[in-house]
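Structure below is model37.cif: mmCIF, C-alpha atoms.
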data_target
loop_
_atom_site.group_PDB
_atom_site.id
_atom_site.type_symbol
_atom_site.label_atom_id
_atom_site.label_comp_id
_atom_site.auth_asym_id
_atom_site.auth_seq_id
_atom_site.Cartn_x
_atom_site.Cartn_y
_atom_site.Cartn_z
ATOM 1 C CA MET A 1 119.252 71.928 81.096
ATOM 2 C CA ILE A 2 120.446 75.415 82.034
ATOM 3 C CA ALA A 3 118.630 78.495 80.810
ATOM 4 C CA VAL A 4 120.516 80.642 78.331
ATOM 5 C CA SER A 5 119.600 83.601 76.150
ATOM 6 C CA LEU A 6 118.301 82.802 72.690
ATOM 7 C CA THR A 7 121.109 84.201 70.589
ATOM 8 C CA GLN A 8 121.617 83.393 66.941
ATOM 9 C CA PRO A 9 124.216 80.579 66.709
ATOM 10 C CA THR A 10 127.434 81.566 64.967
ATOM 11 C CA PRO A 11 130.467 79.418 64.101
ATOM 12 C CA ASN A 12 132.348 78.268 67.222
ATOM 13 C CA ASN A 13 129.930 80.203 69.449
ATOM 14 C CA PHE A 14 129.143 77.178 71.591
ATOM 15 C CA SER A 15 131.885 77.198 74.238
ATOM 16 C CA GLN A 16 128.989 77.182 76.714
ATOM 17 C CA TRP A 17 125.685 75.354 76.324
ATOM 18 C CA GLN A 18 123.654 77.283 73.755
ATOM 19 C CA PRO A 19 120.289 76.752 72.059
ATOM 20 C CA ALA A 20 120.871 74.902 68.799
ATOM 21 C CA THR A 21 119.345 72.504 66.316
ATOM 22 C CA TRP A 22 120.691 69.163 65.135
ATOM 23 C CA GLU A 23 121.647 70.945 61.935
ATOM 24 C CA ASN A 24 123.796 73.392 63.963
ATOM 25 C CA TYR A 25 125.453 70.382 65.558
ATOM 26 C CA LEU A 26 126.149 68.796 62.166
ATOM 27 C CA VAL A 27 127.780 72.018 60.939
ATOM 28 C CA GLU A 28 130.077 72.079 63.990
ATOM 29 C CA ARG A 29 130.789 68.366 63.731
ATOM 30 C CA ASP A 30 131.777 68.500 60.094
ATOM 31 C CA ARG A 31 133.782 71.710 60.507
ATOM 32 C CA SER A 32 135.601 70.296 63.544
ATOM 33 C CA SER A 33 136.494 66.941 61.993
ATOM 34 C CA SER A 34 140.160 67.974 61.692
ATOM 35 C CA GLU A 35 140.322 69.916 64.987
ATOM 36 C CA LYS A 36 140.745 68.743 68.574
ATOM 37 C CA VAL A 37 137.288 69.552 69.940
ATOM 38 C CA LYS A 38 134.661 67.654 71.883
ATOM 39 C CA LEU A 39 131.027 68.021 70.904
ATOM 40 C CA PHE A 40 127.947 67.548 73.072
ATOM 41 C CA PHE A 41 124.342 67.860 71.938
ATOM 42 C CA ASP A 42 121.213 67.216 73.976
ATOM 43 C CA GLY A 43 117.756 68.050 72.775
ATOM 44 C CA ASN A 44 118.095 71.635 71.616
ATOM 45 C CA TYR A 45 121.402 72.575 73.245
ATOM 46 C CA LEU A 46 124.960 72.338 71.986
ATOM 47 C CA LEU A 47 128.367 72.538 73.651
ATOM 48 C CA VAL A 48 131.669 72.727 71.779
ATOM 49 C CA ASP A 49 134.593 72.019 74.105
ATOM 50 C CA MET A 50 137.431 73.799 72.313
ATOM 51 C CA GLY A 51 141.185 73.514 72.658
ATOM 52 C CA THR A 52 143.768 70.892 73.528
ATOM 53 C CA GLU A 53 144.199 69.161 76.880
ATOM 54 C CA GLY A 54 146.195 70.746 79.671
ATOM 55 C CA ILE A 55 148.853 68.817 81.569
ATOM 56 C CA ASN A 56 146.577 67.822 84.466
ATOM 57 C CA HIS A 57 143.732 66.686 82.218
ATOM 58 C CA ALA A 58 146.067 64.701 79.970
ATOM 59 C CA SER A 59 147.813 63.077 82.944
ATOM 60 C CA VAL A 60 144.585 61.955 84.613
ATOM 61 C CA ASN A 61 142.993 60.906 81.332
ATOM 62 C CA ASN A 62 145.935 58.626 80.551
ATOM 63 C CA LEU A 63 146.008 57.420 84.161
ATOM 64 C CA PHE A 64 142.430 56.143 84.016
ATOM 65 C CA THR A 65 143.024 54.459 80.682
ATOM 66 C CA MET A 66 145.930 52.620 82.333
ATOM 67 C CA LEU A 67 143.738 51.723 85.318
ATOM 68 C CA LEU A 68 141.216 50.077 83.011
ATOM 69 C CA ALA A 69 144.017 48.151 81.321
ATOM 70 C CA PHE A 70 145.448 46.935 84.648
ATOM 71 C CA TRP A 71 141.968 45.966 85.818
ATOM 72 C CA PHE A 72 141.426 43.711 82.820
ATOM 73 C CA ILE A 73 144.893 42.220 83.172
ATOM 74 C CA ARG A 74 143.860 41.226 86.704
ATOM 75 C CA PHE A 75 140.317 40.227 85.678
ATOM 76 C CA PRO A 76 140.553 39.214 81.992
ATOM 77 C CA GLU A 77 137.688 40.065 79.680
ATOM 78 C CA PRO A 78 138.639 39.391 76.040
ATOM 79 C CA THR A 79 135.867 41.570 74.616
ATOM 80 C CA ALA A 80 136.531 44.695 76.719
ATOM 81 C CA SER A 81 137.350 47.726 74.584
ATOM 82 C CA SER A 82 138.364 51.282 75.562
ATOM 83 C CA LEU A 83 137.200 53.920 73.046
ATOM 84 C CA GLY A 84 137.662 57.142 75.017
ATOM 85 C CA GLY A 85 137.175 60.375 73.080
ATOM 86 C CA CYS A 86 135.190 58.743 70.279
ATOM 87 C CA LEU A 87 132.093 60.683 69.234
ATOM 88 C CA ILE A 88 128.855 58.932 70.186
ATOM 89 C CA GLU A 89 125.668 59.873 68.357
ATOM 90 C CA LYS A 90 121.991 59.105 68.651
ATOM 91 C CA PRO A 91 121.029 60.814 65.392
ATOM 92 C CA ASN A 92 118.726 63.834 65.683
ATOM 93 C CA GLN A 93 118.691 63.567 69.477
ATOM 94 C CA GLN A 94 122.007 63.412 71.378
ATOM 95 C CA ALA A 95 125.749 63.374 70.851
ATOM 96 C CA ALA A 96 128.755 63.263 73.181
ATOM 97 C CA ALA A 97 132.491 62.610 73.224
ATOM 98 C CA PRO A 98 133.310 61.256 76.711
ATOM 99 C CA ASP A 99 136.916 61.101 77.911
ATOM 100 C CA LEU A 100 136.374 57.455 78.915
ATOM 101 C CA VAL A 101 134.283 54.981 76.939
ATOM 102 C CA LEU A 102 134.252 51.329 77.957
ATOM 103 C CA TYR A 103 132.485 48.437 76.286
ATOM 104 C CA ILE A 104 132.392 45.015 77.950
ATOM 105 C CA GLY A 105 130.943 41.920 76.334
ATOM 106 C CA ALA A 106 129.439 41.301 72.931
ATOM 107 C CA ASP A 107 128.620 43.852 70.231
ATOM 108 C CA VAL A 108 131.636 46.119 70.685
ATOM 109 C CA PRO A 109 131.635 48.766 67.904
ATOM 110 C CA GLN A 110 133.905 47.911 65.001
ATOM 111 C CA TRP A 111 134.740 50.362 62.231
ATOM 112 C CA GLN A 112 134.244 49.208 58.670
ATOM 113 C CA GLU A 113 135.778 50.760 55.565
ATOM 114 C CA GLY A 114 133.525 53.490 54.187
ATOM 115 C CA GLU A 115 131.644 54.105 57.452
ATOM 116 C CA ALA A 116 131.704 57.301 59.498
ATOM 117 C CA ARG A 117 134.286 57.270 62.303
ATOM 118 C CA ARG A 118 131.662 57.613 65.013
ATOM 119 C CA ILE A 119 129.635 55.320 67.271
ATOM 120 C CA ASN A 120 126.095 55.399 65.881
ATOM 121 C CA LEU A 121 123.709 54.266 68.612
ATOM 122 C CA ASN A 122 121.171 53.287 65.983
ATOM 123 C CA GLN A 123 123.724 50.690 64.917
ATOM 124 C CA TRP A 124 125.553 49.848 68.170
ATOM 125 C CA ARG A 125 124.504 49.468 71.787
ATOM 126 C CA VAL A 126 125.466 52.058 74.395
ATOM 127 C CA PRO A 127 128.776 51.679 76.278
ATOM 128 C CA ASP A 128 128.783 49.981 79.669
ATOM 129 C CA LEU A 129 130.669 52.910 81.225
ATOM 130 C CA VAL A 130 131.595 56.471 80.275
ATOM 131 C CA GLY A 131 133.577 59.042 82.219
ATOM 132 C CA GLU A 132 134.575 62.695 82.148
ATOM 133 C CA ILE A 133 137.886 64.098 83.409
ATOM 134 C CA ALA A 134 136.887 67.326 85.170
ATOM 135 C CA ASP A 135 139.608 69.952 85.399
ATOM 136 C CA THR A 136 137.649 73.111 84.514
ATOM 137 C CA THR A 137 134.340 71.402 83.629
ATOM 138 C CA LEU A 138 133.142 69.916 86.933
ATOM 139 C CA THR A 139 129.855 71.863 87.050
ATOM 140 C CA THR A 140 128.616 70.773 83.631
ATOM 141 C CA ASP A 141 130.014 67.237 84.068
ATOM 142 C CA LEU A 142 127.825 66.831 87.160
ATOM 143 C CA ASP A 143 124.817 68.568 85.619
ATOM 144 C CA GLU A 144 124.147 68.816 81.880
ATOM 145 C CA LYS A 145 126.442 65.981 80.817
ATOM 146 C CA LYS A 146 125.115 63.776 83.591
ATOM 147 C CA GLN A 147 121.574 64.377 82.316
ATOM 148 C CA LEU A 148 122.744 63.695 78.752
ATOM 149 C CA TYR A 149 124.312 60.340 79.624
ATOM 150 C CA ALA A 150 121.257 59.329 81.646
ATOM 151 C CA THR A 151 119.033 60.127 78.657
ATOM 152 C CA LEU A 152 121.295 58.030 76.431
ATOM 153 C CA GLY A 153 120.877 55.144 78.880
ATOM 154 C CA ILE A 154 124.556 54.761 79.830
ATOM 155 C CA PRO A 155 124.519 52.263 82.747
ATOM 156 C CA GLU A 156 127.468 53.777 84.655
ATOM 157 C CA TYR A 157 128.981 57.267 84.647
ATOM 158 C CA TRP A 158 132.157 58.515 86.342
ATOM 159 C CA VAL A 159 133.232 62.116 86.932
ATOM 160 C CA ILE A 160 136.902 62.414 87.913
ATOM 161 C CA ASP A 161 137.391 65.677 89.800
ATOM 162 C CA ILE A 162 141.075 66.565 89.353
ATOM 163 C CA ARG A 163 141.166 69.545 91.728
ATOM 164 C CA GLY A 164 139.120 67.879 94.466
ATOM 165 C CA LYS A 165 140.881 64.514 94.025
ATOM 166 C CA ARG A 166 137.473 62.832 94.004
ATOM 167 C CA VAL A 167 135.679 60.324 91.811
ATOM 168 C CA PHE A 168 131.907 60.512 91.532
ATOM 169 C CA ALA A 169 130.377 57.279 90.246
ATOM 170 C CA PHE A 170 126.728 56.966 89.258
ATOM 171 C CA ARG A 171 124.594 53.957 88.362
ATOM 172 C CA LEU A 172 121.501 54.316 86.183
ATOM 173 C CA GLN A 173 118.296 53.364 87.973
ATOM 174 C CA ALA A 174 115.044 51.930 86.611
ATOM 175 C CA ASP A 175 113.497 55.401 86.620
ATOM 176 C CA GLY A 176 116.157 56.661 84.205
ATOM 177 C CA LYS A 177 118.022 58.715 86.813
ATOM 178 C CA TYR A 178 121.538 58.306 88.194
ATOM 179 C CA LEU A 179 122.190 57.341 91.807
ATOM 180 C CA GLN A 180 125.685 57.740 93.246
ATOM 181 C CA CYS A 181 127.339 54.400 94.017
ATOM 182 C CA GLN A 182 130.333 53.374 96.112
ATOM 183 C CA ASN A 183 131.307 50.345 94.033
ATOM 184 C CA SER A 184 131.506 49.958 90.286
ATOM 185 C CA VAL A 185 129.015 47.673 88.601
ATOM 186 C CA ALA A 186 130.783 47.598 85.235
ATOM 187 C CA LEU A 187 133.964 46.525 87.050
ATOM 188 C CA PRO A 188 132.561 44.242 89.769
ATOM 189 C CA GLY A 189 134.440 44.400 93.061
ATOM 190 C CA LEU A 190 136.105 47.760 92.382
ATOM 191 C CA PRO A 191 135.528 50.269 95.209
ATOM 192 C CA ILE A 192 135.408 53.866 94.010
ATOM 193 C CA THR A 193 137.555 54.863 97.002
ATOM 194 C CA LEU A 194 140.423 52.910 95.428
ATOM 195 C CA LEU A 195 140.192 55.124 92.348
ATOM 196 C CA GLU A 196 140.332 58.189 94.585
ATOM 197 C CA GLN A 197 143.359 56.858 96.450
ATOM 198 C CA THR A 198 145.106 56.324 93.127
ATOM 199 C CA LEU A 199 144.195 59.834 91.979
ATOM 200 C CA GLN A 200 145.603 61.320 95.183
ATOM 201 C CA ARG A 201 148.965 59.697 94.506
ATOM 202 C CA LEU A 202 149.521 61.945 91.508
ATOM 203 C CA HIS A 203 150.745 64.652 93.893
ATOM 204 C CA GLN A 204 153.814 62.617 94.722
ATOM 205 C CA ARG A 205 154.100 60.294 91.727
ATOM 206 C CA THR A 206 153.750 60.224 87.969
ATOM 207 C CA ASN A 207 150.601 58.777 86.427
ATOM 208 C CA ILE A 208 152.542 55.647 85.442
ATOM 209 C CA SER A 209 153.752 55.027 88.994
ATOM 210 C CA ALA A 210 150.264 55.749 90.353
ATOM 211 C CA ALA A 211 148.848 53.193 87.923
ATOM 212 C CA ALA A 212 151.465 50.681 89.067
ATOM 213 C CA TRP A 213 150.337 51.260 92.672
ATOM 214 C CA PHE A 214 146.740 50.551 91.586
ATOM 215 C CA ALA A 215 147.860 47.332 89.916
ATOM 216 C CA GLU A 216 149.431 46.189 93.182
ATOM 217 C CA ALA A 217 146.333 47.214 95.159
ATOM 218 C CA ILE A 218 143.895 45.173 93.063
ATOM 219 C CA ALA A 219 146.106 42.075 93.182
ATOM 220 C CA SER A 220 144.500 41.209 96.521
ATOM 221 C CA LEU A 221 140.889 41.769 95.434
#
Could you quickly redo this structure as structure tokens?
Amino acid sequence: MIAVSLTQPTPNNFSQWQPATWENYLVERDRSSSEKVKLFFDGNYLLVDMGTEGINHASVNNLFTMLLAFWFIRFPEPTASSLGGCLIEKPNQQAAAPDLVLYIGADVPQWQEGEARRINLNQWRVPDLVGEIADTTLTTDLDEKKQLYATLGIPEYWVIDIRGKRVFAFRLQADGKYLQCQNSVALPGLPITLLEQTLQRLHQRTNISAAAWFAEAIASL
């Protein structure tokens, strides 16, 4: 985790990673329940990602949601569920709101009336895959957030670099650290280069047409 000065936390003073307690996180979480913010907490550090999505972030975010949908049309998995943007918590330890959240198989989180609208990892298992869309956040997505997701035990982590037109994919190893991989494990048979090729097509196409190209490309896998 990066070193920062020990300043007294103040409301909405966490646009960069700052020292904080779980109680500070809870204050931000409950205050932000009606705002469009993303919260990240790891150990004694908190990040509040403020503001709405820009055009590029929104386009790529929706693109990758479509790619997951087309993948499961080609390779059906009835229990697969996309929950991108949902707040994930390991109470008193970690919290995150990844852009992409994918569950495959049994024990997919289901909301029940009267429960909090979050994924409580004391109640549910971790997702099979999470991802971050990196427009202005590439450094922290490849550093602090990567460490956070490894600590949570997320098996596979993607960072989609919008400006560099790259996709970094990592697979969790037995030692609890991520190792970059060239093929997805959560989506067997999917080369990461195919995701990058789809991303590169956004310069000449819309995200819907780029997703359609991806659908055609995986038809032969």
Translate the PyMOL selection byres ((chain A and resi 193-201) around 10) into a concrete residue list for this structure, as a PyMOL selection string.
chain A and resi 60+63-64+67+160-168+182-183+190-192+202-207+209-215+217-218
Selection under test: the PyMOL selection byres ((chain A and resi 178) around 10); residues as an mmCIF file with C-alpha atoms, in the frame of the given file:
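Once written, part38.cif looks like this:
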data_model
loop_
_atom_site.group_PDB
_atom_site.id
_atom_site.type_symbol
_atom_site.label_atom_id
_atom_site.label_comp_id
_atom_site.auth_asym_id
_atom_site.auth_seq_id
_atom_site.Cartn_x
_atom_site.Cartn_y
_atom_site.Cartn_z
ATOM 1 C CA LYS A 146 125.115 63.776 83.591
ATOM 2 C CA GLN A 147 121.574 64.377 82.316
ATOM 3 C CA TYR A 149 124.312 60.340 79.624
ATOM 4 C CA ALA A 150 121.257 59.329 81.646
ATOM 5 C CA GLY A 153 120.877 55.144 78.880
ATOM 6 C CA ILE A 154 124.556 54.761 79.830
ATOM 7 C CA PRO A 155 124.519 52.263 82.747
ATOM 8 C CA GLU A 156 127.468 53.777 84.655
ATOM 9 C CA TYR A 157 128.981 57.267 84.647
ATOM 10 C CA ALA A 169 130.377 57.279 90.246
ATOM 11 C CA PHE A 170 126.728 56.966 89.258
ATOM 12 C CA ARG A 171 124.594 53.957 88.362
ATOM 13 C CA LEU A 172 121.501 54.316 86.183
ATOM 14 C CA GLN A 173 118.296 53.364 87.973
ATOM 15 C CA ALA A 174 115.044 51.930 86.611
ATOM 16 C CA ASP A 175 113.497 55.401 86.620
ATOM 17 C CA GLY A 176 116.157 56.661 84.205
ATOM 18 C CA LYS A 177 118.022 58.715 86.813
ATOM 19 C CA LEU A 179 122.190 57.341 91.807
ATOM 20 C CA GLN A 180 125.685 57.740 93.246
ATOM 21 C CA CYS A 181 127.339 54.400 94.017
#
Step by step, gather every atom of segment 57-70 of chain A that the file lists, find the box along x, y and z that holds them, add 3 Å on each side, and finally give centre and edge lengths in Å to one decimal, as lines of an AutoDock Vina configuration file.
center_x = 144.5
center_y = 56.8
center_z = 82.6
size_x = 12.6
size_y = 25.8
size_z = 11.3
Which residues would end up in the selection if the PyMOL selection byres ((chain A and resi 45) around 6) were applied here, given that I need the answer as a list in words?
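For this structure, the PyMOL selection byres ((chain A and resi 45) around 6) resolves to Trp17, Gln18, Pro19, Ala20, Phe41, Asp42, Gly43, Asn44 and Leu46 of chain A.
If you look at atom CA of Pro98 of chain A and atom CA of Leu152 of chain A, they are 12.4 Å away from each other.
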Check which residues of segment 61-80 of chain A sit at most 12 Å from segment 107-117 of chain A using only C-alpha atoms, and return one row each with the closest pair of atoms and their distance in Å to one decimal, ordered by chain and rising number, as JSON lines.
{"residue": "A:Pro78", "atom": "CA", "partner": "A:Val108", "partner_atom": "CA", "distance": 11.1}
{"residue": "A:Thr79", "atom": "CA", "partner": "A:Val108", "partner_atom": "CA", "distance": 7.4}
{"residue": "A:Ala80", "atom": "CA", "partner": "A:Val108", "partner_atom": "CA", "distance": 7.9}
Nearest to Thr21 of chain A by atom-to-atom distance, counting only C-alpha atoms, from A:Val101, A:Leu142, A:Leu47, A:Leu221
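Ranking A:Val101, A:Leu142, A:Leu47, A:Leu221 by distance to Thr21 of chain A, first place goes to A:Leu47.
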Atom CA of His57 of chain A and atom CA of Asp99 of chain A are how many Å apart?
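Separation of atom CA of His57 of chain A and atom CA of Asp99 of chain A: 9.8 Å.
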In Å, with one decimal, what is the gap from atom CA of Phe40 of chain A to atom CA of Leu148 of chain A?
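According to the coordinates, atom CA of Phe40 of chain A and atom CA of Leu148 of chain A are separated by 8.6 Å.
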Ile119 of chain A proximity check over A:Asn62, A:Gln94, A:Thr136, A:Ser15, using all atoms listed in the file: winner is A:Gln94
